[in-house]
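**Q** Input file: start01.txt. Contents: compact mmCIF, C-alpha atoms.
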```txt
# COMPACT_ATOMS: atom_id res chain seq x y z
CA MET A 43 86.86 128.26 63.13
CA HIS A 44 90.15 126.77 64.31
CA ARG A 45 88.94 126.88 67.90
CA LEU A 46 85.72 125.02 67.00
CA LEU A 47 87.73 122.39 65.11
CA LEU A 48 90.05 121.89 68.08
CA LEU A 49 87.11 121.53 70.46
CA SER A 50 85.52 118.97 68.13
CA LEU A 51 88.73 116.93 68.05
CA LEU A 52 89.01 117.02 71.82
CA VAL A 53 85.47 115.69 72.14
CA LEU A 54 85.79 113.01 69.48
CA ALA A 55 89.28 111.73 70.31
CA PRO A 56 88.32 109.94 73.54
CA LEU A 57 85.37 108.28 71.81
CA ALA A 58 87.66 106.69 69.25
CA HIS A 59 89.42 104.89 72.08
CA ALA A 60 86.38 104.33 74.31
CA GLN A 61 85.97 100.85 75.72
CA THR A 62 84.05 99.25 78.53
CA LEU A 63 83.86 96.20 80.76
CA GLU A 64 80.12 95.58 80.94
CA VAL A 65 78.99 93.20 83.69
CA ILE A 66 76.96 90.32 82.25
CA GLY A 67 76.49 88.63 85.60
CA THR A 68 78.10 86.75 88.47
CA VAL A 69 78.07 83.09 89.48
CA PRO A 70 78.64 81.97 93.10
CA MET A 71 81.08 79.12 93.62
CA PRO A 72 81.78 76.89 96.64
CA ALA A 73 83.97 78.64 99.22
CA ILE A 74 84.57 78.53 102.96
CA VAL A 75 84.75 81.20 105.63
CA THR A 76 87.11 80.82 108.59
CA ASP A 77 87.96 83.70 110.93
CA SER A 78 86.45 86.13 108.42
CA LEU A 79 88.68 84.74 105.62
CA GLU A 80 86.82 83.57 102.54
CA THR A 81 88.67 81.22 100.24
CA GLY A 82 87.96 78.75 97.47
CA GLY A 83 87.97 80.65 94.18
CA THR A 84 91.22 80.57 92.20
CA ASP A 85 92.15 80.76 88.53
CA VAL A 86 89.86 80.84 85.51
CA TRP A 87 90.38 79.95 81.84
CA PRO A 88 88.21 80.30 78.70
CA TYR A 89 87.18 77.40 76.51
CA VAL A 90 85.52 77.57 73.09
CA ALA A 91 83.87 74.35 71.88
CA PRO A 92 84.06 73.27 68.21
CA ASP A 93 80.50 74.54 67.69
CA GLY A 94 81.48 78.00 68.97
CA SER A 95 79.87 77.66 72.40
CA GLU A 96 81.82 79.49 75.08
CA TYR A 97 82.59 78.46 78.64
CA ALA A 98 84.50 79.65 81.68
CA ILE A 99 86.41 76.99 83.64
CA MET A 100 87.05 78.16 87.20
CA GLY A 101 88.99 76.62 90.04
CA GLU A 102 86.97 76.43 93.24
CA LEU A 103 86.92 74.82 96.65
CA ASN A 104 86.19 71.27 95.53
CA GLY A 105 87.67 71.17 92.03
CA VAL A 106 86.65 73.04 88.88
CA SER A 107 83.28 74.35 87.74
CA ILE A 108 82.41 74.85 84.07
CA VAL A 109 80.02 77.70 83.29
CA ALA A 110 78.23 78.23 79.98
CA VAL A 111 78.39 81.82 78.72
CA PRO A 112 76.32 83.96 78.41
CA SER A 113 73.61 81.86 80.10
CA LEU A 114 75.78 81.62 83.28
CA GLU A 115 74.60 78.05 83.87
CA VAL A 116 77.00 75.76 85.74
CA VAL A 117 76.95 72.81 83.36
CA ALA A 118 79.56 70.61 85.03
CA ARG A 119 81.63 70.24 88.17
CA VAL A 120 84.70 68.01 88.33
CA PRO A 121 86.14 67.24 91.78
CA GLY A 122 89.82 67.62 92.56
CA PRO A 123 92.17 67.24 95.53
CA THR A 124 91.27 69.32 98.59
CA GLU A 125 93.63 68.21 101.36
CA ARG A 126 96.49 70.26 102.90
CA ALA A 127 95.60 73.26 100.76
CA ARG A 128 96.19 76.80 102.02
CA ALA A 129 94.17 78.55 99.33
CA TYR A 130 92.94 75.72 97.07
CA TRP A 131 95.09 76.97 94.20
CA ARG A 132 94.06 75.51 90.88
CA ASP A 133 95.55 76.49 87.53
CA ILE A 134 93.78 75.54 84.31
CA LYS A 135 94.72 75.47 80.63
CA THR A 136 93.07 73.86 77.59
CA TYR A 137 94.34 71.99 74.54
CA GLY A 138 91.91 70.71 71.94
CA ASP A 139 88.88 69.40 73.77
CA TYR A 140 90.72 68.80 77.05
CA ALA A 141 91.31 70.85 80.16
CA TYR A 142 94.50 70.34 82.16
CA VAL A 143 94.36 71.25 85.85
CA VAL A 144 97.07 71.42 88.51
CA THR A 145 96.79 72.22 92.19
CA GLU A 146 98.99 72.33 95.26
CA ALA A 147 96.37 70.32 97.17
CA TYR A 148 96.71 66.63 97.93
CA GLY A 149 94.20 63.81 98.17
CA PRO A 150 92.06 61.91 95.67
CA ASN A 151 92.95 62.68 92.03
CA GLU A 152 96.20 64.45 93.04
CA GLY A 153 98.42 65.30 90.11
CA LEU A 154 97.82 66.75 86.64
CA GLN A 155 94.11 66.21 85.97
CA ILE A 156 92.93 65.80 82.40
CA ILE A 157 89.25 66.58 81.78
CA ASP A 158 87.36 65.67 78.58
CA LEU A 159 85.25 68.65 77.47
CA SER A 160 83.92 67.13 74.25
CA ASN A 161 80.48 66.32 75.69
CA LEU A 162 79.68 69.82 76.91
CA PRO A 163 77.19 71.14 77.77
CA GLU A 164 75.82 67.74 78.82
CA SER A 165 78.86 66.66 80.83
CA ALA A 166 82.60 66.85 81.44
CA GLU A 167 84.64 64.12 83.06
CA GLU A 168 88.13 63.40 84.29
CA VAL A 169 89.78 60.89 81.98
CA ALA A 170 93.31 60.73 83.39
CA VAL A 171 95.55 61.92 86.23
CA VAL A 172 99.30 62.17 85.64
CA ARG A 173 101.54 62.05 88.68
CA GLY A 174 104.80 62.37 86.74
CA PRO A 175 108.14 60.67 87.43
CA GLU A 176 108.65 60.21 91.17
CA ASP A 177 105.34 62.04 91.72
CA ALA A 178 106.88 65.28 90.42
CA LEU A 179 103.52 66.64 89.22
CA VAL A 180 101.69 66.09 92.50
CA SER A 181 101.09 69.44 94.20
CA SER A 182 102.00 71.64 91.22
CA HIS A 183 101.25 75.37 91.20
CA ASN A 184 101.21 76.35 87.53
CA LEU A 185 101.23 75.15 83.94
CA SER A 186 101.20 76.51 80.40
CA ILE A 187 100.49 74.83 77.07
CA ASP A 188 102.18 75.70 73.80
CA THR A 189 99.21 74.91 71.57
CA GLU A 190 101.29 75.40 68.42
CA THR A 191 103.77 72.62 69.27
CA GLY A 192 101.49 70.51 71.47
CA HIS A 193 103.57 70.59 74.64
CA ALA A 194 102.62 71.27 78.24
CA TYR A 195 105.00 72.96 80.68
CA VAL A 196 104.21 71.98 84.27
CA LEU A 197 105.95 73.08 87.46
CA ASN A 198 107.10 70.27 89.72
CA SER A 199 106.03 70.12 93.34
CA ASP A 200 108.55 72.62 94.71
CA GLY A 201 108.95 74.81 91.60
CA SER A 202 112.61 73.88 91.16
CA SER A 203 111.99 72.35 87.75
CA ILE A 204 109.48 72.59 84.90
CA LEU A 205 108.59 69.34 83.17
CA VAL A 206 107.96 69.46 79.43
CA LEU A 207 105.30 66.99 78.31
CA SER A 208 104.34 65.97 74.79
CA LEU A 209 100.58 66.01 74.24
CA ALA A 210 100.76 63.91 71.07
CA ASP A 211 98.39 61.66 72.99
CA PRO A 212 96.41 64.28 74.91
CA VAL A 213 95.23 61.82 77.59
CA ALA A 214 98.63 60.18 78.09
CA PRO A 215 101.26 62.96 78.16
CA GLU A 216 104.90 61.93 78.06
CA VAL A 217 107.75 63.83 79.71
CA VAL A 218 110.34 64.73 77.06
CA SER A 219 112.62 67.07 79.07
CA SER A 220 112.79 69.44 82.01
CA ILE A 221 113.95 72.99 82.61
CA ASP A 222 115.82 73.25 85.89
CA VAL A 223 115.72 76.80 87.21
CA GLY A 224 116.12 76.45 90.98
CA ASP A 225 112.89 78.31 91.70
CA SER A 226 109.90 79.29 89.60
CA HIS A 227 106.34 80.44 90.03
CA ASP A 228 104.89 80.80 86.55
CA VAL A 229 105.63 79.68 83.01
CA PHE A 230 104.27 80.89 79.67
CA ALA A 231 104.91 78.90 76.47
CA ARG A 232 104.15 79.76 72.86
CA ASN A 233 105.63 79.11 69.40
CA GLY A 234 108.54 77.06 70.68
CA ARG A 235 109.61 79.52 73.35
CA ALA A 236 109.15 79.41 77.13
CA TYR A 237 109.18 82.36 79.55
CA ILE A 238 109.69 81.61 83.24
CA ALA A 239 109.03 83.92 86.21
CA GLU A 240 111.58 82.69 88.70
CA GLY A 241 109.76 83.47 91.94
CA ARG A 242 112.24 84.16 94.74
CA GLN A 243 115.00 84.58 92.17
CA PRO A 244 115.01 88.08 90.61
CA PHE A 245 114.86 86.87 87.02
CA ILE A 246 112.71 86.16 84.01
CA SER A 247 114.39 83.45 81.92
CA ILE A 248 113.58 82.93 78.25
CA TRP A 249 114.17 79.53 76.63
CA ASP A 250 114.33 78.26 73.06
CA MET A 251 112.11 75.18 72.96
CA THR A 252 112.20 74.62 69.20
CA ASP A 253 113.51 71.19 70.11
CA PRO A 254 111.42 70.40 73.20
CA THR A 255 113.86 67.69 74.24
CA THR A 256 116.72 70.20 74.50
CA PRO A 257 115.87 73.46 76.33
CA THR A 258 118.31 76.23 75.44
CA LEU A 259 118.60 79.40 77.51
CA LEU A 260 118.24 82.52 75.35
CA SER A 261 118.23 85.24 77.99
CA ARG A 262 117.94 85.81 81.72
CA VAL A 263 116.43 89.20 82.50
CA ARG A 264 117.16 90.62 85.95
CA VAL A 265 114.25 92.44 87.58
CA PRO A 266 115.60 95.49 89.46
CA ASP A 267 114.92 95.60 93.20
CA ALA A 268 112.64 92.62 92.66
CA GLY A 269 109.77 91.48 94.80
CA TYR A 270 108.42 87.96 94.22
CA VAL A 271 108.77 87.51 90.45
CA HIS A 272 105.28 86.20 89.80
CA ASN A 273 104.20 86.01 86.16
CA VAL A 274 105.26 86.89 82.63
CA TRP A 275 103.42 87.28 79.32
CA PRO A 276 104.95 88.38 75.99
CA THR A 277 103.25 90.48 73.35
CA ASP A 278 101.96 88.70 70.26
CA ASP A 279 105.07 89.59 68.25
CA GLU A 280 107.38 88.67 71.18
CA GLN A 281 109.13 92.02 70.94
CA PHE A 282 107.98 92.99 74.43
CA MET A 283 106.93 91.24 77.63
CA LEU A 284 104.99 92.25 80.73
CA THR A 285 105.80 91.00 84.22
CA THR A 286 104.24 91.13 87.70
CA GLU A 287 105.79 90.63 91.13
CA GLU A 288 102.82 90.09 93.51
CA THR A 289 104.52 92.28 96.11
CA ALA A 290 103.26 95.54 97.59
CA ASP A 291 104.40 98.60 95.62
CA LYS A 292 106.11 96.52 92.91
CA THR A 293 104.93 97.64 89.50
CA VAL A 294 103.70 95.85 86.42
CA LYS A 295 106.68 96.19 84.09
CA VAL A 296 106.95 96.43 80.30
CA TRP A 297 110.20 95.20 78.77
CA ASP A 298 111.73 95.50 75.31
CA ILE A 299 113.11 92.03 74.52
CA SER A 300 113.68 92.54 70.79
CA ASP A 301 117.40 92.21 71.55
CA LEU A 302 117.61 89.31 73.99
CA GLU A 303 121.21 90.17 74.85
CA ASN A 304 120.18 93.66 75.92
CA PRO A 305 116.63 93.62 77.36
CA GLU A 306 115.38 97.04 78.44
CA LEU A 307 112.79 98.09 81.00
CA LEU A 308 110.56 100.61 79.23
CA GLY A 309 107.45 101.32 81.28
CA GLU A 310 105.72 100.65 84.60
CA TRP A 311 102.20 100.81 86.02
CA LEU A 312 100.39 99.90 89.25
CA GLY A 313 96.72 99.83 90.26
CA ALA A 314 94.83 101.25 93.21
CA ASN A 315 95.65 98.61 95.84
CA LYS A 316 99.37 98.52 94.96
CA ILE A 317 99.63 94.74 94.52
CA ALA A 318 99.23 93.25 91.04
CA HIS A 319 98.61 89.54 90.52
CA ASN A 320 98.63 88.22 86.93
CA VAL A 321 98.87 89.92 83.53
CA HIS A 322 97.78 88.53 80.14
CA VAL A 323 98.41 90.29 76.82
CA ARG A 324 96.72 90.44 73.43
CA GLY A 325 97.50 93.00 70.77
CA ASP A 326 97.87 96.44 72.33
CA PHE A 327 96.02 95.50 75.52
CA ALA A 328 96.92 93.89 78.83
CA PHE A 329 94.28 92.28 81.06
CA LEU A 330 95.29 92.35 84.68
CA SER A 331 93.94 90.71 87.83
CA HIS A 332 94.76 93.06 90.69
CA TYR A 333 93.38 91.50 93.89
CA THR A 334 91.18 93.90 95.93
CA ALA A 335 91.26 96.50 93.12
CA GLY A 336 89.59 94.09 90.66
CA ILE A 337 90.37 93.76 86.94
CA TYR A 338 92.10 96.36 84.77
CA VAL A 339 92.60 96.71 81.02
CA LEU A 340 95.72 98.63 80.00
CA ASP A 341 96.58 100.13 76.62
CA ILE A 342 100.24 99.27 76.00
CA SER A 343 100.50 100.63 72.46
CA ASP A 344 103.08 103.01 73.91
CA PRO A 345 105.14 100.53 75.95
CA THR A 346 106.86 103.36 77.79
CA SER A 347 103.56 104.57 79.22
CA PRO A 348 100.83 101.97 79.93
CA VAL A 349 97.41 103.61 80.30
CA GLU A 350 94.33 102.31 82.11
CA VAL A 351 91.42 102.20 79.66
CA ALA A 352 88.89 100.01 81.49
CA HIS A 353 88.35 98.78 85.03
CA HIS A 354 85.85 96.78 87.04
CA ASP A 355 86.16 96.36 90.79
CA THR A 356 85.06 92.80 91.53
CA TYR A 357 85.78 93.37 95.23
CA PRO A 358 84.22 96.71 96.21
CA ARG A 359 84.70 96.25 99.98
CA HIS A 360 88.04 98.05 99.96
CA ASP A 361 91.29 98.54 98.02
CA GLU A 362 93.62 97.54 100.81
CA VAL A 363 97.02 96.00 100.06
CA LYS A 364 95.90 92.41 100.52
CA MET A 365 96.01 89.21 98.50
CA ASP A 366 92.24 89.03 98.46
CA GLY A 367 89.55 89.52 95.84
CA ASN A 368 90.32 89.15 92.13
CA TRP A 369 92.63 86.22 91.45
CA GLY A 370 92.24 85.59 87.73
CA ALA A 371 91.29 87.60 84.64
CA THR A 372 91.21 86.12 81.15
CA LEU A 373 91.78 87.46 77.69
CA PRO A 374 88.55 88.18 75.76
CA SER A 375 86.73 85.25 74.18
CA PRO A 376 85.68 85.40 70.50
CA SER A 377 82.44 87.08 71.65
CA GLY A 378 84.32 89.54 73.84
CA TYR A 379 83.64 87.88 77.19
CA VAL A 380 86.22 88.35 79.93
CA TYR A 381 86.10 86.14 83.01
CA ALA A 382 87.23 87.29 86.45
CA SER A 383 87.54 84.91 89.40
CA ASP A 384 87.56 86.04 93.02
CA GLN A 385 88.89 84.11 95.98
CA GLN A 386 85.50 84.55 97.68
CA GLY A 387 84.10 82.00 95.24
CA LYS A 388 82.68 84.40 92.66
CA LEU A 389 82.92 84.28 88.90
CA THR A 390 82.23 87.61 87.18
CA VAL A 391 81.46 87.53 83.46
CA LEU A 392 82.07 90.80 81.64
CA ARG A 393 81.94 91.86 78.01
CA TRP A 394 84.82 93.93 76.74
CA THR A 395 84.04 96.51 74.07
CA PRO A 396 87.35 97.40 72.40
CA PRO A 397 88.10 100.75 70.80
CA THR A 398 86.72 101.19 67.32
CA ASP A 399 90.21 101.50 65.84
CA SER A 400 91.52 98.35 67.60
```
Do you think you could lay out the structure here as structure tokens?

**A**
Amino acid sequence: MHRLLLLSLLVLAPLAHAQTLEVIGTVPMPAIVTDSLETGGTDVWPYVAPDGSEYAIMGELNGVSIVAVPSLEVVARVPGPTERARAYWRDIKTYGDYAYVVTEAYGPNEGLQIIDLSNLPESAEEVAVVRGPEDALVSSHNLSIDTETGHAYVLNSDGSSILVLSLADPVAPEVVSSIDVGDSHDVFARNGRAYIAEGRQPFISIWDMTDPTTPTLLSRVRVPDAGYVHNVWPTDDEQFMLTTEETADKTVKVWDISDLENPELLGEWLGANKIAHNVHVRGDFAFLSHYTAGIYVLDISDPTSPVEVAHHDTYPRHDEVKMDGNWGATLPSPSGYVYASDQQGKLTVLRWTPPTDS
């Protein structure tokens, strides 16, 4: 009897935590091929309209494309700068009914683009471009928006400073302060706190932005034997954070930051191709773009031991250690859609089925 009970538990236990990434479909985007290198697709971000309609906004060769989900119809394309761009990087965030887009490219519309999404699915249009003081926001790599306080955090052109902009008027942002860090690659902002991945500097810095005009350093976490400190995302309760380094054989790291004076590295994980790109976190799960290995979902409920619970290889050609394939992976939309963007100019729409006890 005891043996039968044990066998039953062993069979049922995995089902309680079963989850999938079901492919809904793919959408081709503009890209170019030179010397066997395909490039054009970059980051992707979800948008939910006031009526509940869902969209994926993806950076591509010529600007951004907006895709209705689940129909997979490209409902709008908004051009952006395309000159002097190595990989056509575009980073996208939303606030209210506006999308904010930065790129390292130059040319027409260079700077922080602001796109009005309120007329979707009929249309979307650029309504403003912000160059910033002394053109500081021209050729910017990354931005984040603290939707609770209504402030955007935008890297300047060389990543030496992050400009803090009030979005009180969402089409006419005003710079209220800056965070000068020497070097940065990625910023995440939420609930009056900013987390900065300091790029070539082996640190994650954490800032109190309760008063956005006066950034106050709370902690500077040293990454041991660091690669290129690439991105950072805290857990919902801000007791932990996950970081990536975009360097071969450098792990995705889970940190305990409950005591900011004594941060502790708890757990590590790395996917098949040994080079992680970006990590996003919600609840007990991390969603990770991992270049040629595709997209992973990790269970981080035990922060000392992240566990892979779902995976989809968007780039099945190989799992070589290359910055190719899956660039961006989003958190699930209200309907469970996860968007993955590949540099080859491909948007993959998946549906995440979480565990029943999530």

**Q** Point out the residue among A:Gly387, A:Gly241, A:Gly105, A:Pro212 with the least atom-to-atom distance to Asp139 of chain A, counting all atoms listed in the file.

**A**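 Selected residue with least distance to Asp139 of chain A: A:Pro212.
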
**Q** Please identify all polymer residues within 12 Å of segment 258-260 of chain A, counting only C-alpha atoms, omitting same-chain residues fewer than 6 positions from it, and present them as an NGL selection string.

**A** :A and (219-223 or 234-238 or 246-252 or 299-305)

**Q** For Val349 of chain A, which of A:Gly378, A:Ala371, A:Trp311, A:Ser181 is the closest residue, counting all atoms listed in the file?

**A**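 Using all atoms listed in the file, the shortest distance to Val349 of chain A belongs to A:Trp311.
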
**Q** Neighbours of Glu190 of chain A within 10 Å (all atoms listed in the file; same-chain residues fewer than 5 positions away dropped), as a PDB file with C-alpha atoms, in the coordinates of the input?

**A**
```pdb
ATOM      1  CA  TYR A 137      94.340  71.990  74.540  1.00  0.00           C
ATOM      2  CA  ALA A 231     104.910  78.900  76.470  1.00  0.00           C
ATOM      3  CA  ARG A 232     104.150  79.760  72.860  1.00  0.00           C
ATOM      4  CA  ASN A 233     105.630  79.110  69.400  1.00  0.00           C
ATOM      5  CA  GLY A 234     108.540  77.060  70.680  1.00  0.00           C
TER       6      GLY A 234
END
```

**Q** Can you list, as a compact mmCIF listing (two decimals) with C-alpha atoms, in the frame of the given file, every protein, DNA or RNA residue that comes within 10 Å of Val321 of chain A when you count only C-alpha atoms, leaving out same-chain residues fewer than 3 positions away?

**A**
```txt
# COMPACT_ATOMS: atom_id res chain seq x y z
CA HIS A 272 105.28 86.20 89.80
CA ASN A 273 104.20 86.01 86.16
CA VAL A 274 105.26 86.89 82.63
CA TRP A 275 103.42 87.28 79.32
CA PRO A 276 104.95 88.38 75.99
CA LEU A 284 104.99 92.25 80.73
CA THR A 285 105.80 91.00 84.22
CA THR A 286 104.24 91.13 87.70
CA VAL A 294 103.70 95.85 86.42
CA ALA A 318 99.23 93.25 91.04
CA ALA A 328 96.92 93.89 78.83
CA PHE A 329 94.28 92.28 81.06
CA LEU A 330 95.29 92.35 84.68
CA SER A 331 93.94 90.71 87.83
CA HIS A 332 94.76 93.06 90.69
CA ILE A 337 90.37 93.76 86.94
CA TYR A 338 92.10 96.36 84.77
CA VAL A 339 92.60 96.71 81.02
CA LEU A 340 95.72 98.63 80.00
CA GLY A 370 92.24 85.59 87.73
CA ALA A 371 91.29 87.60 84.64
CA THR A 372 91.21 86.12 81.15
CA LEU A 373 91.78 87.46 77.69
```

**Q** Between A:Glu306, A:Lys364, A:Leu392, A:Phe282, which is the closest to Ser343 of chain A once you count only C-alpha atoms?

**A**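 Among the listed residues, A:Phe282 lies closest to Ser343 of chain A.
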
**Q** Determine the nearest neighbour of Gly101 of chain A from the options A:Leu63, A:Gln386, A:Asn151, A:Asp366, counting only C-alpha atoms.

**A**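 Of A:Leu63, A:Gln386, A:Asn151, A:Asp366, the one nearest Gly101 of chain A is A:Gln386, counting only C-alpha atoms.
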
**Q** With a distance cut-off of 6 Å and all atoms listed in the file, select the neighbouring residues of segment 170-180 of chain A, excluding the residue or stretch itself and same-chain residues fewer than 2 positions from it, and output the selection as an mmCIF file with C-alpha atoms, keeping the file's coordinate frame.

**A**
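File produced: part18.cif:
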```cif
data_model
loop_
_atom_site.group_PDB
_atom_site.id
_atom_site.type_symbol
_atom_site.label_atom_id
_atom_site.label_comp_id
_atom_site.auth_asym_id
_atom_site.auth_seq_id
_atom_site.Cartn_x
_atom_site.Cartn_y
_atom_site.Cartn_z
ATOM 1 C CA GLU A 152 96.200 64.450 93.040
ATOM 2 C CA GLY A 153 98.420 65.300 90.110
ATOM 3 C CA LEU A 154 97.820 66.750 86.640
ATOM 4 C CA GLN A 155 94.110 66.210 85.970
ATOM 5 C CA ILE A 156 92.930 65.800 82.400
ATOM 6 C CA GLU A 168 88.130 63.400 84.290
ATOM 7 C CA SER A 182 102.000 71.640 91.220
ATOM 8 C CA ASN A 198 107.100 70.270 89.720
ATOM 9 C CA SER A 199 106.030 70.120 93.340
#
```

**Q** Could you check the closest approach to Ala73 of chain A for each of A:Leu207, A:Val391, A:Gln281, A:Asp384 and tell me which residue wins, using all atoms listed in the file?

**A**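 Smallest separation from Ala73 of chain A among the options: A:Asp384.
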
**Q** So the first atom is atom CA of Pro244 of chain A and the second is atom CA of Val265 of chain A; what is the distance between them in Å, to one decimal place?

**A**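 Computed distance, atom CA of Pro244 of chain A to atom CA of Val265 of chain A, equals 5.4 Å.
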
**Q** Find the residues near segment 143-150 of chain A: any atom within 8 Å, counting only C-alpha atoms, skip ones fewer than 6 places away on the same chain, and give them as a ChimeraX atom specification.

**A** /A:122-127,130-135,156,180-185,199

**Q** My list of candidates is A:Glu80, A:Glu64, A:Asp341, A:Asp278. Which is closest to Lys388 of chain A when distances are computed with all atoms listed in the file?

**A**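 Result for the nearest residue to Lys388 of chain A: A:Glu80.
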
**Q** What separation in Å, quoted to one decimal, exists between atom CA of Ile108 of chain A and atom CA of Gly367 of chain A?

**A** 20.1 Å

**Q** Just give me the gap between atom CA of Leu312 of chain A and atom CA of Lys292 of chain A in Å, one decimal is fine.

**A**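 One can read the atom CA of Leu312 of chain A to atom CA of Lys292 of chain A distance as 7.6 Å.
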
**Q** Any chance you could model N, CA and C atoms for segment 190-210 of chain A and send them as a compact mmCIF listing (two decimals), keeping the file's coordinate frame?

**A**
```txt
# COMPACT_ATOMS: atom_id res chain seq x y z
N GLU A 190 100.72 75.54 69.76
CA GLU A 190 101.29 75.40 68.42
C GLU A 190 102.14 74.13 68.30
N THR A 191 102.89 73.79 69.34
CA THR A 191 103.77 72.62 69.27
C THR A 191 103.17 71.40 69.97
N GLY A 192 102.10 71.62 70.77
CA GLY A 192 101.49 70.51 71.47
C GLY A 192 102.30 70.01 72.65
N HIS A 193 102.80 70.96 73.45
CA HIS A 193 103.57 70.59 74.64
C HIS A 193 103.07 71.36 75.85
N ALA A 194 102.99 70.65 76.98
CA ALA A 194 102.62 71.27 78.24
C ALA A 194 103.87 71.50 79.07
N TYR A 195 103.89 72.61 79.79
CA TYR A 195 105.00 72.96 80.68
C TYR A 195 104.40 73.03 82.09
N VAL A 196 104.84 72.14 82.96
CA VAL A 196 104.21 71.98 84.27
C VAL A 196 105.26 72.07 85.37
N LEU A 197 105.03 72.97 86.34
CA LEU A 197 105.95 73.08 87.46
C LEU A 197 105.92 71.80 88.29
N ASN A 198 107.09 71.39 88.79
CA ASN A 198 107.10 70.27 89.72
C ASN A 198 106.66 70.74 91.10
N SER A 199 106.68 69.85 92.06
CA SER A 199 106.03 70.12 93.34
C SER A 199 106.64 71.28 94.11
N ASP A 200 107.94 71.51 93.97
CA ASP A 200 108.55 72.62 94.71
C ASP A 200 108.98 73.77 93.81
N GLY A 201 108.63 73.72 92.52
CA GLY A 201 108.95 74.81 91.60
C GLY A 201 110.40 74.87 91.17
N SER A 202 111.19 73.85 91.53
CA SER A 202 112.61 73.88 91.16
C SER A 202 112.84 73.47 89.72
N SER A 203 111.84 72.85 89.11
CA SER A 203 111.99 72.35 87.75
C SER A 203 110.64 72.43 87.04
N ILE A 204 110.69 72.59 85.72
CA ILE A 204 109.48 72.59 84.90
C ILE A 204 109.57 71.41 83.95
N LEU A 205 108.60 70.52 84.04
CA LEU A 205 108.59 69.34 83.17
C LEU A 205 107.90 69.69 81.85
N VAL A 206 108.50 69.24 80.77
CA VAL A 206 107.96 69.46 79.43
C VAL A 206 107.33 68.15 78.97
N LEU A 207 106.03 68.19 78.66
CA LEU A 207 105.30 66.99 78.31
C LEU A 207 104.75 67.09 76.89
N SER A 208 104.96 66.06 76.11
CA SER A 208 104.34 65.97 74.79
C SER A 208 102.88 65.59 74.96
N LEU A 209 102.01 66.31 74.24
CA LEU A 209 100.58 66.01 74.24
C LEU A 209 100.15 65.34 72.94
N ALA A 210 101.10 64.63 72.31
CA ALA A 210 100.76 63.91 71.07
C ALA A 210 99.58 62.98 71.33
```
